[in-house]
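S.K.: Structure file my_file29.cif (mmCIF, C-alpha atoms) is given on the next line.
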```cif
data_target
loop_
_atom_site.label_atom_id
_atom_site.label_comp_id
_atom_site.auth_asym_id
_atom_site.auth_seq_id
_atom_site.Cartn_x
_atom_site.Cartn_y
_atom_site.Cartn_z
CA MET A 402 80.70 -31.04 33.70
CA ASN A 403 82.72 -33.17 31.26
CA LYS A 404 81.23 -36.21 29.63
CA PRO A 405 83.24 -39.39 30.14
CA LYS A 406 85.25 -40.47 27.13
CA PRO A 407 83.61 -43.40 25.33
CA ARG A 408 85.25 -46.74 25.99
CA GLN A 409 86.80 -48.59 23.07
CA LYS A 410 86.41 -52.28 22.34
CA GLY A 411 87.76 -54.40 19.56
CA ALA A 412 85.14 -56.06 17.36
CA GLU A 413 85.75 -59.50 18.85
CA ASP A 414 85.53 -58.22 22.43
CA ALA A 415 82.42 -56.22 21.59
CA ARG A 416 80.76 -59.32 20.17
CA ASN A 417 81.62 -61.33 23.27
CA GLN A 418 80.53 -58.56 25.64
CA LEU A 419 77.43 -57.35 23.80
CA PRO A 420 75.00 -57.80 26.73
CA GLU A 421 77.27 -55.71 28.98
CA LEU A 422 77.75 -53.05 26.30
CA LEU A 423 73.99 -52.84 25.74
CA ALA A 424 73.46 -52.40 29.48
CA ALA A 425 76.07 -49.64 29.47
CA ALA A 426 74.27 -47.92 26.57
CA GLU A 427 71.03 -48.08 28.53
CA ASN A 428 72.89 -46.27 31.33
CA GLY A 429 74.03 -43.52 28.96
CA GLU A 430 77.51 -44.80 28.15
CA ALA A 431 78.86 -44.95 24.60
CA THR A 432 81.29 -47.53 23.21
CA ILE A 433 83.45 -47.13 20.11
CA ILE A 434 83.99 -50.43 18.31
CA THR A 435 87.30 -50.80 16.53
CA LYS A 436 88.60 -53.13 13.86
CA ARG A 437 92.35 -53.54 13.69
CA GLY A 438 92.65 -50.50 15.97
CA LYS A 439 90.58 -48.18 13.79
CA PRO A 440 87.15 -46.93 14.94
CA VAL A 441 84.40 -48.35 12.72
CA ALA A 442 81.17 -48.08 14.73
CA ALA A 443 79.61 -46.60 17.83
CA LEU A 444 77.22 -48.22 20.26
CA MET A 445 75.42 -45.39 22.02
CA PRO A 446 72.22 -44.59 23.85
CA ILE A 447 69.34 -44.19 21.42
CA GLU A 448 68.78 -40.59 22.57
CA ALA A 449 72.34 -39.68 21.56
CA TYR A 450 71.82 -41.35 18.19
CA GLY A 451 68.68 -39.31 17.59
CA LEU A 452 70.58 -36.09 18.30
CA ALA A 453 73.45 -37.13 16.04
CA VAL A 454 71.10 -37.92 13.15
CA ARG A 455 69.31 -34.58 13.41
CA GLN A 456 72.56 -32.61 13.59
CA GLN A 457 73.93 -32.66 10.07
CA PRO A 458 77.56 -31.66 9.43
CA LEU A 459 78.23 -28.31 7.80
CA SER A 460 81.29 -29.50 5.88
CA PRO A 461 79.33 -30.28 2.67
CA LEU A 462 78.34 -26.62 2.60
CA SER A 463 81.98 -25.51 2.61
CA GLY A 464 82.57 -22.86 -0.03
CA SER A 465 78.87 -22.38 -0.73
CA GLY A 466 78.99 -18.79 0.56
CA ARG A 467 81.22 -17.59 -2.27
CA GLY A 468 80.00 -14.18 -3.36
CA LEU A 469 77.67 -13.90 -0.38
CA TRP A 470 79.25 -10.59 0.66
CA GLY A 471 79.51 -9.11 -2.86
CA ARG A 472 82.54 -8.65 -5.05
CA ASN A 473 84.58 -6.96 -2.34
CA SER A 474 83.83 -8.79 0.87
CA GLY A 475 86.33 -6.68 2.83
CA ARG A 476 84.49 -3.48 1.99
CA THR A 477 81.11 -5.00 2.80
CA LEU A 478 82.33 -6.29 6.16
CA ARG A 479 83.90 -2.90 7.00
CA LYS A 480 80.57 -1.22 6.27
CA LEU A 481 78.77 -3.67 8.53
CA ARG A 482 81.36 -3.22 11.28
CA ASP A 483 81.15 0.57 11.00
CA GLU A 484 77.38 0.41 11.16
CA TRP A 485 77.56 -1.46 14.48
CA SER A 486 80.11 0.92 15.99
CA ARG A 487 77.89 4.00 15.58
#
```
Using structure tokens, write down the structure that the file contains.

M.R.:
Amino acid sequence: MNKPKPRQKGAEDARNQLPELLAAAENGEATIITKRGKPVAALMPIEAYGLAVRQQPLSPLSGSGRGLWGRNSGRTLRKLRDEWSR
């Protein structure tokens, strides 16, 4: 089942409609708040926020596995693949 796409509101509209947006968040709906057409904030149910905070992005770890497979990663991976195909 697909989640509905979050609605988008401009900052001014969001300010004027805050009670409605808070009610929507209580019902599980997220709202992206934009400024000059660019997303700048998200108003979401607190449960979704908790999940987002716990789930840290992996992008800062990019490149940190250099050398993990030894000097010749191709050979190491072939050995591992061959081991599984026995």

S.K.: Given the choices A:Ala412, A:Leu478, A:Leu469, A:Leu452, which gets closest to Thr435 in chain A if the distance is worked out from only C-alpha atoms?

M.R.: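 The shortest atom-to-atom distance to Thr435 in chain A comes from A:Ala412.
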
S.K.: Could you list, as a list in words, every residue within 12 Å of Pro405 in chain A, counting all atoms listed in the file and ignoring same-chain residues fewer than 5 positions away?

M.R.: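 The filter keeps Gly429, Glu430, Ala431 and Thr432 of chain A.
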
S.K.: Please write as a VMD selection string the full residue list that the PyMOL selection byres ((chain A and resi 407) around 10) yields on this file.

M.R.: chain A and resid 404 to 406 408 to 410 430 to 434 443 to 445

S.K.: Point out the residue among A:Pro446, A:Leu481, A:Pro440, A:Asn473 with the least atom-to-atom distance to Leu422 in chain A, counting all atoms listed in the file.

M.R.: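 For Leu422 in chain A, the nearest of the given residues is A:Pro446.
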
S.K.: Taking into account all atoms listed in the file, which residue in the set A:Glu427, A:Thr477, A:Gly411, A:Trp470 is nearest to Ile447 in chain A?

M.R.: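 For Ile447 in chain A, the nearest of the given residues is A:Glu427.
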
S.K.: Report the distance between CA of Gly451 in chain A and CA of Glu421 in chain A in Å, rounded to one decimal place.

M.R.: 21.7 Å

S.K.: Please measure the separation of CA of Glu448 in chain A and CA of Ala424 in chain A, giving the value in Å to one decimal.

M.R.: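 These two atoms are separated by 14.5 Å.
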
S.K.: Have a look at A:Ser474, A:Tyr450, A:Lys436, A:Asp483 and name the one nearest to Ala415 in chain A; count only C-alpha atoms.

M.R.: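 Checking each candidate against Ala415 in chain A, we get A:Lys436 as the closest.
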
S.K.: What is the CA of Ala449 in chain A to CA of Arg437 in chain A distance in Å?

M.R.: 25.6 Å

S.K.: Edge lengths and centre in Å to one decimal, as JSON, of the axis-aligned box that encloses all listed atoms of range 418-426 of chain A with 8 Å added on every side?

M.R.:
```
{"center_x": 77.0, "center_y": -53.2, "center_z": 26.6, "size_x": 23.1, "size_y": 26.6, "size_z": 21.7}
```
